[in-house]
Number of protein chains: 6
Amino acid sequence: MSVVIRRPKRVDPSIAGAFLRFGVATVHEAQGRTGLMSPSIRPIYKSAHIAGTAVTVSVPPADNWMIHVAVEQCRTGDVLVVAPTSPCDCGYFGDLLATSLQARGVRGLVIDSGVRDVASLTEMGFPVWSRYVSAQGTVKATLGDVNLPLVCAGALVNPGDVIVADDDGVCVVRQEQAAIVLAACEAREKREAAVRARLAAGELGLDIYEMRETLAARGLTYRDAED
Amino acid sequence: MSVVIRRPKRVDPSIAGAFLRFGVATVHEAQGRTGLMSPSIRPIYKSAHIAGTAVTVSVPPADNWMIHVAVEQCRTGDVLVVAPTSPCDCGYFGDLLATSLQARGVRGLVIDSGVRDVASLTEMGFPVWSRYVSAQGTVKATLGDVNLPLVCAGALVNPGDVIVADDDGVCVVRQEQAAIVLAACEAREKREAAVRARLAAGELGLDIYEMRETLAARGLTYRDAED
Amino acid sequence: MSVVIRRPKRVDPSIAGAFLRFGVATVHEAQGRTGLMSPSIRPIYKSAHIAGTAVTVSVPPADNWMIHVAVEQCRTGDVLVVAPTSPCDCGYFGDLLATSLQARGVRGLVIDSGVRDVASLTEMGFPVWSRYVSAQGTVKATLGDVNLPLVCAGALVNPGDVIVADDDGVCVVRQEQAAIVLAACEAREKREAAVRARLAAGELGLDIYEMRETLAARGLTYRDAED
Amino acid sequence: MSVVIRRPKRVDPSIAGAFLRFGVATVHEAQGRTGLMSPSIRPIYKSAHIAGTAVTVSVPPADNWMIHVAVEQCRTGDVLVVAPTSPCDCGYFGDLLATSLQARGVRGLVIDSGVRDVASLTEMGFPVWSRYVSAQGTVKATLGDVNLPLVCAGALVNPGDVIVADDDGVCVVRQEQAAIVLAACEAREKREAAVRARLAAGELGLDIYEMRETLAARGLTYRDAED
Amino acid sequence: MSVVIRRPKRVDPSIAGAFLRFGVATVHEAQGRTGLMSPSIRPIYKSAHIAGTAVTVSVPPADNWMIHVAVEQCRTGDVLVVAPTSPCDCGYFGDLLATSLQARGVRGLVIDSGVRDVASLTEMGFPVWSRYVSAQGTVKATLGDVNLPLVCAGALVNPGDVIVADDDGVCVVRQEQAAIVLAACEAREKREAAVRARLAAGELGLDIYEMRETLAARGLTYRDAED
Amino acid sequence: MSVVIRRPKRVDPSIAGAFLRFGVATVHEAQGRTGLMSPSIRPIYKSAHIAGTAVTVSVPPADNWMIHVAVEQCRTGDVLVVAPTSPCDCGYFGDLLATSLQARGVRGLVIDSGVRDVASLTEMGFPVWSRYVSAQGTVKATLGDVNLPLVCAGALVNPGDVIVADDDGVCVVRQEQAAIVLAACEAREKREAAVRARLAAGELGLDIYEMRETLAARGLTYRDAED
């Protein structure tokens with residue numbers, strides 16, 4: 001019952017790549033606060049920021065055979081997304097697989113399990129977002145699937161969806177909504193830039209967002225301290 | 001029942017600031033091993049070290065409205081301390097709120113929940129100690145309190161208490177004990193400097209602290225390995 | 001019943017030190033995927049890499065007395081391995097103990113609990129792998145053991161075993177297998193270098209490792225996406 | 001953007017109910033080891049066993065407003081499935097909501113968060129599978145969705161899917177596969193009954209499943225202990 | 001610096017005992033959703049329900065000496081509340097201490113750590129709410145405090161406060177608010193009884209609480225499924 | 001490299017069985033507070049209590065093949081002890097394997113992972129101590145070892161060691177110390193019975209154990225509350 005889906009429809013590379021102008025927090029807000037993976041998924045080094053199209057891999061616990069299968073399905077601009085079928089902290093991925101993916105133009109790895117060789121991966125500049133760092137090796141004994149929809153760190157990922165990842169975490173943008181979300185990101189960024197300038201100048205969010213009246217209506221009271 | 005306490009009594013700024021000469025471990029020891037928050041609260045970047053007076057904010061889970069309210073209550077030398085009423089891993093705080101706090105002279109944020117925009121916060125030099133990093137947005141729908149005593153990451157914090165934070169974690173010093181604890185820090189630091197020099201020269205703690213006799217009395221035995 | 005074993009047999013320093021040429025992942029694989037500590041044990045700073053002989057310390061929760069006892073048993077090339085008898089997140093170890101160990105030529109600390117003064121430890125270049133960073137102080141009231149076998153972070157450690165630690169975690173090599181494992185590391189490294197070059201040139205692991213036939217035999221199928 | 005989908009297609013009640021003849025382990029195996037929720041979801045009392053059709057509810061953290069909305073969408077034979085948009089340990093659900101659901105013929109609740117009034121729920125015989133038991137109250141301030149697909153405890157649930165839950169946990173059966181999986185459960189149960197009788201009579205699985213040859217081929221060796 | 005406070009002011013026994021008519025969820029709601037301990041604190045057996053006045057004990061990790069000290073300070077109607085100064089999973093308390101407390105009329109134990117002899121405790125009918133069950137023994141080497149305010153499982157407890165505990169968890173009622181909260185519990189219970197009857201008769205919460213209009217105003221929309 | 005050790009030396013059955021007169025807490029204390037597994041290992045039903053000799057099984061994550069191999073090595077009075085080589089929450093074991101073990105006189109299972117069919121296991125009276133309950137199935141693809149020493153839930157277990165398990169957890173008694181520990185259990189139980197009677201009669205542990213003087217010497221002070 002194991003299957004590899006070849007050539008899934010992907011978000012247009014120019015659209016997927018354009019998300020690199022925005023942080024994960026912005027993307028997540030722009031699509032109605034959806035699509036975020038669990039904050040347990042952390043980057044192995046700081047200041048990495050990627051945007052690309054998902055190739056999904058479902059793997060058995062402690063078995064990385066299907067990642068080798070998935071490499072062949074990757075092309076320039078992809079991001080590999082790997083989820084085990086039950087929780088596992090093994091080191092599924094190291095510098096050899098990263099070398100292979102880098103040779104194919106893959107932008108990074110998101111994995112709801114462990115990676116190893118993180119010193120080498122950092123040196124190579126191959127970014128990874130993972131739940132664990134672990135040297136624990138895996139076997140090649142049991143099959144899984146490539147490019148079926150899967151749940152990774154609590155988020156549903158379809159092959160070809162946009163993956164955006166930075167120091168704040170990882171966000172998934174549905175393929176069919178990519179263009180709309182991109183536009184919403186731009187709008188949001190513009191609004192925030194204006195607010196940022198006013199806040200830096202000392203204005204209060206209470207006034208900029210006109211919150212005082214609503215707060216009072218909800219019952220907020222002020223009282224001076226009795227020292 | 002939501003209330004904002006204005007102008008709570010704070011530790012004198014010159015005393016609060018003087019704690020910056022000491023690490024969290026020293027402060028915690030100097031006040032009898034009390035006041036430490038859970039080690040789950042970690043800095044978002046390395047080498048930050050702050051000391052200031054607490055402004056406390058009690059927030060509902062996933063709702064950051066009261067942080068906006070609290071900004072107005074902050075002044076130069078304060079540290080914002082935020083605790084949700086039940087555990088929550090959302091990203092309550094980002095670069096906009098940091099911009100606003102920085103404009104008011106606030107030294108940093110301690111939050112028993114999540115923050116986002118950590119790349120920007122790092123660039124701005126606005127230090128945060130948090131339990132999570134998460135892009136997950138929050139709403140503005142439910143009230144909380146500002147400047148009431150609260151429990152943050154297992155430690156009781158009163159408004160105006162001293163907060164000291166560094167790479168080792170976060171420590172709270174009771175307002176009424178601040179001067180005494182400061183003196184105790186100085187004394188401890190002096191003692192440790194002397195010991196450090198002797199240890200670096202190869203002397204053993206067993207001898208410096210005169211532990212051998214007590215250890216033997218408690219029953220410690222030595223035996224050569226039988227290879 | 002507390003005992004300190006003096007002068008346990010140790011792996012020859014030239015063999016123990018030679019492991020520094022290999023990462024933890026390689027060592028763990030070379031000895032049949034054994035000996036790894038839990039990935040919860042993390043380095044306090046990046047890019048540290050050590051190999052040395054274990055001095056083991058069993059400590060009560062929140063009591064670091066025996067670490068002071070253990071220092072005397074350490075010599076150049078050792079690594080201190082500390083495990084509490086029940087889980088504990090206290091800061092057992094700080095810059096004073098590190099100064100003392102560094103004066104004796106100890107290469108680092110592995111502890112299944114907490115450390116503090118991590119800013120100083122980083123500055124001193126004294127590497128630590130720990131489960132927690134915590135300023136929480138410990139007492140000196142109850143005995144433990146030095147240089148008995150112990151379980152640290154899920155791995156059995158005998159005094160004198162080789163400890164290898166890097167950004168990927170910590171691995172233990174049994175004393176009696178050290179020479180064999182060292183040779184296996186060299187062989188593995190050589191094989192990997194050859195594969196790495198081919199992968200970088202764009203060859204696929206599927207072909208290099210001749211996996212296609214086995215995968216098909218196990219039932220892997222390929223299907224084109226229906227867009 | 002909040003929506004309630006009315007009258008979603010559901011698995012036929014006679015098929016959904018027929019799953020009650022099988023345990024969760026059997027159902028999960030029968031559909032190729034898929035559909036299981038995280039084992040963190042546990043029943044509040046022992047020996048409950050339900051099968052029914054999913055009504056899905058996506059709720060904000062600490063806000064149970066949408067559960068009140070969802071009640072109206074439930075009918076006899078349904079199971080309510082609730083997931084917060086970010087992790088939350090509040091008590092979303094108690095005996096009043098259970099009274100309301102029981103009046104509508106709902107078979108139970110699956111929630112990736114907390115419940116309260118568990119003594120009353122036990123007495124009422126209203127089964128709940130939850131991650132937490134907590135008295136912590138929730139607010140009614142922010143909207144969510146009813147009967148959209150959601151991820152609950154790591155599993156994707158579509159409205160109308162079959163939910164089977166017992167002491168082993170919770171399993172989801174896709175609506176379109178329900179009849180096929182039901183047949184596979186029956187086949188599996190029959191096979192297992194035959195094996196169970198032989199094992200009880202003292203036969204070994206090694207022989208029944210004819211494993212000895214394969215084990216030897218993979219390299220398993222036997223050795224007598226040297227005492 | 002260790003101290004035992006004798007004869008702290010306690011809530012009047014008739015008021016403290018009256019809380020037994022109400023569950024923890026009701027008490028917590030009646031005092032504005034405050035005072036709840038973490039849901040990690042669970043009863044060691046089902047259907048226990050107690051209300052009494054707190055005697056507080058601060059203990060070092062893995063050291064139960066102060067519990068022996070605290071026994072003498074207990075009287076009929078008290079509940080012992082124990083919190084370690086740093087997290088610890090040891091078995092601080094067993095059937096001997098329970099025998100002693102039962103002889104003094106103590107109603108139960110709340111401990112943010114472990115207990116043992118749970119089979120005996122169950123047989124004796126001495127209820128305990130704890131974070132862990134563990135046989136791990138403790139020492140008697142280091143002092144702590146009795147009847148000082150402490151933080152237990154995230155909640156502030158003052159000696160003499162009311163503790164209510166049942167299958168849903170543990171709640172603390174401030175001494176000075178006990179009478180008011182008791183009255184609020186009664187009012188709430190009465191309201192809920194009326195609602196329960198209407199819900200059981202098939203009325204919807206949406207109508208009883210008149211939520212439909214507000215939900216629509218906030219933007220909730222309904223849509224029929226397109227099958 | 002996988003091996004099955006046949007007929008390991010076991011503790012004499014009359015000695016192993018005699019431990020059934022003592023709880024886990026007593027055994028653990030009687031051998032100097034050693035040998036306890038992590039309190040994360042919990043019984044699947046209450047009031048089970050077993051003592052027997054260990055047959056150890058090291059299994060890959062999510063692969064239960066070696067348990068089938070181990071069954072053949074079990075005899076009357078054994079307890080099966082299973083540990084995965086890396087953490088795993090799968091359901092390794094269910095009613096079929098239990099049927100097979102029960103037919104061979106095995107007393108129970110201790111597993112640092114998951115089990116399933118817990119309703120059936122309870123009905124059969126086959127006790128299990130596990131970290132998880134999970135329906136998640138396992139594969140039969142990779143080898144492990146039977147009757148080699150292993151670390152299970154933080155405790156070292158050698159084949160033939162005594163395993164004692166009850167509601168408090170699981171304890172291991174080294175084979176070579178079994179007779180001595182048994183005697184120590186008896187002595188301890190006798191002492192405790194005498195103390196229990198005095199405590200029940202209202203005497204204080206402070207007096208029975210003559211603690212008052214030591215406490216005062218360590219600096220304990222008493223103070224009356226100032227109301």
# chains A, B, ... in the order shown; residues from 1 in each chain; ligands from 1

call {"tool": "interface_residues", "arguments": {"of": "chain C", "to": "chain E", "cutoff": "9 Å", "atoms": "only C-alpha atoms", "output": "compact mmCIF listing (two decimals) with all heavy atoms, in the first residue's frame"}}
result
# COMPACT_ATOMS: atom_id res chain seq x y z
N PRO C 60 22.79 12.56 44.98
CA PRO C 60 21.38 12.69 45.38
C PRO C 60 20.76 13.88 44.65
O PRO C 60 21.48 14.77 44.19
CB PRO C 60 21.45 12.98 46.88
CG PRO C 60 22.86 12.70 47.30
CD PRO C 60 23.71 12.88 46.08
N PRO C 61 19.42 13.92 44.54
CA PRO C 61 18.79 15.09 43.94
C PRO C 61 19.12 16.34 44.75
O PRO C 61 19.05 16.33 45.97
CB PRO C 61 17.29 14.79 43.99
CG PRO C 61 17.12 13.46 44.62
CD PRO C 61 18.45 12.87 44.89
N ALA C 62 19.50 17.42 44.05
CA ALA C 62 19.72 18.74 44.66
C ALA C 62 20.87 18.75 45.66
O ALA C 62 20.90 19.59 46.56
CB ALA C 62 18.44 19.25 45.32
N SER C 86 17.53 10.45 41.40
CA SER C 86 16.18 10.63 40.85
C SER C 86 16.17 11.97 40.12
O SER C 86 16.98 12.85 40.41
CB SER C 86 15.10 10.55 41.93
OG SER C 86 15.17 11.62 42.81
N PRO C 87 15.26 12.13 39.14
CA PRO C 87 15.33 13.30 38.26
C PRO C 87 15.34 14.61 39.03
O PRO C 87 14.62 14.77 40.02
CB PRO C 87 14.04 13.18 37.42
CG PRO C 87 13.67 11.75 37.47
CD PRO C 87 14.12 11.25 38.81
N CYS C 88 16.11 15.56 38.57
CA CYS C 88 16.32 16.82 39.29
C CYS C 88 16.78 17.86 38.29
O CYS C 88 17.60 17.57 37.43
CB CYS C 88 17.40 16.58 40.35
SG CYS C 88 17.78 18.05 41.29
N ASP C 89 16.25 19.09 38.40
CA ASP C 89 16.65 20.12 37.45
C ASP C 89 17.54 21.20 38.08
O ASP C 89 17.66 22.29 37.52
CB ASP C 89 15.42 20.75 36.77
CG ASP C 89 14.60 21.61 37.70
OD1 ASP C 89 14.96 21.75 38.87
OD2 ASP C 89 13.59 22.16 37.24
N CYS C 90 18.16 20.91 39.20
CA CYS C 90 18.97 21.92 39.88
C CYS C 90 20.27 22.22 39.13
O CYS C 90 20.72 21.47 38.29
CB CYS C 90 19.31 21.44 41.29
SG CYS C 90 17.88 21.45 42.38
N GLN C 136 19.32 27.22 40.10
CA GLN C 136 18.92 26.65 41.39
C GLN C 136 20.09 25.98 42.12
O GLN C 136 20.68 25.02 41.63
CB GLN C 136 17.81 25.61 41.14
CG GLN C 136 17.36 24.84 42.37
CD GLN C 136 16.53 25.68 43.32
OE1 GLN C 136 15.67 26.42 42.89
NE2 GLN C 136 16.83 25.60 44.62
N VAL C 139 22.56 21.56 47.88
CA VAL C 139 23.11 21.48 49.23
C VAL C 139 24.28 20.50 49.26
O VAL C 139 24.64 19.91 48.25
CB VAL C 139 22.03 21.06 50.25
CG1 VAL C 139 20.92 22.10 50.29
CG2 VAL C 139 21.48 19.68 49.94
N ALA C 141 24.72 17.67 51.78
CA ALA C 141 24.22 17.01 52.98
C ALA C 141 24.21 15.49 52.91
O ALA C 141 24.23 14.83 53.94
CB ALA C 141 22.79 17.49 53.26
N THR C 142 24.21 14.94 51.71
CA THR C 142 24.02 13.50 51.56
C THR C 142 25.07 12.93 50.61
O THR C 142 25.41 13.55 49.61
CB THR C 142 22.59 13.22 51.02
OG1 THR C 142 21.65 13.92 51.83
CG2 THR C 142 22.28 11.74 51.06

call {"tool": "select_by_dssp", "arguments": {"residues": "region 14-173 of chain C", "states": "helix (DSSP H, G or I)", "output": "PyMOL selection string"}}
result
chain C and resi 14-21+24-30+65-71+95-103+118-124

call {"tool": "closest_residue", "arguments": {"among": "B:Ala155, B:Val55, B:Leu143, B:Ala187", "to": "Ala70 (chain B)", "atoms": "only C-alpha atoms"}}
result
B:Val55

call {"tool": "residues_around", "arguments": {"residues": "Ala135 (chain F)", "least_positions_apart": "6", "cutoff": "12 Å", "atoms": "only C-alpha atoms", "output": "ChimeraX atom specification"}}
result
/A:86 /D:23-30,33-42,164-171 /F:62,89-95,113-119

call {"tool": "write_last_selection", "arguments": {"atoms": "N, CA and C atoms", "output": "compact mmCIF listing (two decimals), in the first residue's frame"}}
result
# COMPACT_ATOMS: atom_id res chain seq x y z
N SER A 86 4.47 7.34 14.02
CA SER A 86 4.28 7.52 15.47
C SER A 86 5.51 8.24 16.00
N GLY D 23 -12.53 -3.53 18.76
CA GLY D 23 -11.72 -2.61 19.54
C GLY D 23 -10.96 -1.66 18.64
N VAL D 24 -10.42 -0.60 19.24
CA VAL D 24 -9.68 0.41 18.49
C VAL D 24 -8.45 -0.20 17.83
N ALA D 25 -7.77 -1.13 18.53
CA ALA D 25 -6.56 -1.74 17.96
C ALA D 25 -6.91 -2.48 16.67
N THR D 26 -8.01 -3.20 16.69
CA THR D 26 -8.44 -3.94 15.49
C THR D 26 -8.75 -2.99 14.34
N VAL D 27 -9.51 -1.94 14.63
CA VAL D 27 -9.90 -0.99 13.58
C VAL D 27 -8.66 -0.34 12.96
N HIS D 28 -7.75 0.07 13.83
CA HIS D 28 -6.52 0.72 13.37
C HIS D 28 -5.69 -0.21 12.49
N GLU D 29 -5.59 -1.47 12.87
CA GLU D 29 -4.86 -2.44 12.05
C GLU D 29 -5.58 -2.70 10.73
N ALA D 30 -6.90 -2.81 10.83
CA ALA D 30 -7.69 -3.19 9.66
C ALA D 30 -7.62 -2.15 8.56
N ARG D 33 -3.04 0.51 9.75
CA ARG D 33 -2.35 1.25 10.80
C ARG D 33 -2.38 2.75 10.59
N THR D 34 -3.56 3.25 10.31
CA THR D 34 -3.72 4.71 10.17
C THR D 34 -4.87 5.17 11.05
N GLY D 35 -4.97 6.47 11.22
CA GLY D 35 -6.15 7.07 11.83
C GLY D 35 -6.13 7.18 13.34
N LEU D 36 -5.06 6.75 13.97
CA LEU D 36 -5.03 6.76 15.42
C LEU D 36 -4.72 8.15 15.96
N MET D 37 -5.41 8.56 17.00
CA MET D 37 -5.02 9.78 17.71
C MET D 37 -3.86 9.48 18.64
N SER D 38 -3.21 10.52 19.12
CA SER D 38 -2.10 10.37 20.06
C SER D 38 -2.56 9.63 21.32
N PRO D 39 -1.70 8.76 21.87
CA PRO D 39 -2.07 8.06 23.10
C PRO D 39 -2.20 8.99 24.31
N SER D 40 -1.91 10.27 24.14
CA SER D 40 -2.16 11.23 25.23
C SER D 40 -3.65 11.44 25.46
N ILE D 41 -4.46 11.05 24.51
CA ILE D 41 -5.92 11.16 24.68
C ILE D 41 -6.40 9.91 25.41
N ARG D 42 -6.88 10.10 26.63
CA ARG D 42 -7.26 8.95 27.48
C ARG D 42 -8.71 9.06 27.94
N VAL D 164 -14.10 5.60 16.57
CA VAL D 164 -14.19 4.45 17.48
C VAL D 164 -13.26 4.74 18.65
N ALA D 165 -13.74 4.53 19.86
CA ALA D 165 -12.92 4.83 21.04
C ALA D 165 -13.16 3.77 22.11
N ASP D 166 -12.07 3.35 22.73
CA ASP D 166 -12.19 2.42 23.87
C ASP D 166 -11.00 2.65 24.81
N ASP D 167 -10.72 1.69 25.69
CA ASP D 167 -9.65 1.90 26.67
C ASP D 167 -8.28 2.07 26.02
N ASP D 168 -8.13 1.64 24.76
CA ASP D 168 -6.84 1.76 24.08
C ASP D 168 -6.64 3.12 23.43
N GLY D 169 -7.71 3.91 23.24
CA GLY D 169 -7.57 5.21 22.61
C GLY D 169 -8.68 5.49 21.62
N VAL D 170 -8.36 6.30 20.61
CA VAL D 170 -9.36 6.78 19.66
C VAL D 170 -8.85 6.60 18.24
N CYS D 171 -9.70 6.08 17.36
CA CYS D 171 -9.33 5.89 15.97
C CYS D 171 -10.38 6.50 15.05
N ALA F 62 9.01 0.55 17.49
CA ALA F 62 7.87 0.18 16.64
C ALA F 62 8.02 -1.19 16.00
N ASP F 89 6.23 5.11 21.54
CA ASP F 89 4.97 4.97 22.28
C ASP F 89 4.02 3.96 21.64
N CYS F 90 4.54 3.08 20.80
CA CYS F 90 3.67 2.12 20.11
C CYS F 90 3.10 1.06 21.05
N GLY F 91 2.07 0.37 20.56
CA GLY F 91 1.45 -0.72 21.31
C GLY F 91 2.09 -2.04 20.92
N TYR F 92 3.20 -2.37 21.60
CA TYR F 92 4.00 -3.55 21.25
C TYR F 92 3.32 -4.86 21.59
N PHE F 93 2.35 -4.83 22.45
CA PHE F 93 1.92 -6.05 23.13
C PHE F 93 0.43 -5.98 23.34
N GLY F 94 -0.27 -7.11 23.06
CA GLY F 94 -1.70 -7.15 23.26
C GLY F 94 -2.15 -8.50 23.77
N ASP F 95 -3.43 -8.79 23.60
CA ASP F 95 -3.98 -9.98 24.25
C ASP F 95 -3.45 -11.29 23.67
N SER F 113 7.49 1.25 26.98
CA SER F 113 6.83 1.71 25.77
C SER F 113 5.34 1.45 25.96
N GLY F 114 4.59 1.13 24.88
CA GLY F 114 3.14 1.01 25.01
C GLY F 114 2.59 -0.39 24.90
N VAL F 115 1.38 -0.58 25.41
CA VAL F 115 0.61 -1.83 25.25
C VAL F 115 -0.79 -1.49 24.77
N ARG F 116 -1.48 -2.51 24.25
CA ARG F 116 -2.86 -2.31 23.81
C ARG F 116 -3.73 -3.49 24.25
N ASP F 117 -4.98 -3.43 23.90
CA ASP F 117 -5.95 -4.44 24.37
C ASP F 117 -6.02 -4.43 25.89
N VAL F 118 -5.93 -3.27 26.51
CA VAL F 118 -5.86 -3.25 27.97
C VAL F 118 -7.15 -3.72 28.62
N ALA F 119 -8.28 -3.57 27.94
CA ALA F 119 -9.52 -4.10 28.51
C ALA F 119 -9.43 -5.63 28.60

call {"tool": "atom_distance", "arguments": {"atom1": "CA of Phe126 (chain E)", "atom2": "CA of Ser2 (chain E)"}}
result
28.6 Å

call {"tool": "decode", "arguments": {"residues": "region 15-28 of chain B", "atoms": "N, CA and C atoms", "output": "CSV table (one decimal), in the first residue's frame"}}
result
chain,number,residue,atom,x,y,z
B,15,ILE,N,19.0,51.1,43.2
B,15,ILE,CA,19.2,49.7,43.8
B,15,ILE,C,18.9,48.6,42.8
B,16,ALA,N,17.7,48.8,42.1
B,16,ALA,CA,17.4,47.8,41.1
B,16,ALA,C,18.5,47.6,40.1
B,17,GLY,N,19.0,48.7,39.6
B,17,GLY,CA,20.0,48.7,38.6
B,17,GLY,C,21.3,48.1,39.0
B,18,ALA,N,21.6,48.3,40.3
B,18,ALA,CA,22.8,47.8,40.8
B,18,ALA,C,22.9,46.2,40.8
B,19,PHE,N,21.8,45.6,40.7
B,19,PHE,CA,21.8,44.1,40.6
B,19,PHE,C,22.5,43.6,39.3
B,20,LEU,N,22.6,44.5,38.3
B,20,LEU,CA,23.2,44.1,37.0
B,20,LEU,C,24.7,43.7,37.2
B,21,ARG,N,25.2,44.0,38.3
B,21,ARG,CA,26.6,43.6,38.6
B,21,ARG,C,26.7,42.1,38.9
B,22,PHE,N,25.6,41.4,39.1
B,22,PHE,CA,25.5,40.1,39.6
B,22,PHE,C,24.7,39.2,38.7
B,23,GLY,N,25.2,37.9,38.6
B,23,GLY,CA,24.4,37.0,37.8
B,23,GLY,C,23.2,36.4,38.6
B,24,VAL,N,22.3,35.8,37.9
B,24,VAL,CA,21.1,35.2,38.6
B,24,VAL,C,21.5,34.2,39.6
B,25,ALA,N,22.5,33.4,39.4
B,25,ALA,CA,22.8,32.4,40.4
B,25,ALA,C,23.3,33.0,41.7
B,26,THR,N,24.0,34.1,41.6
B,26,THR,CA,24.5,34.8,42.8
B,26,THR,C,23.3,35.4,43.5
B,27,VAL,N,22.4,36.1,42.8
B,27,VAL,CA,21.3,36.7,43.5
B,27,VAL,C,20.4,35.7,44.2
B,28,HIS,N,20.2,34.6,43.5
B,28,HIS,CA,19.3,33.5,44.1
B,28,HIS,C,20.0,32.9,45.3
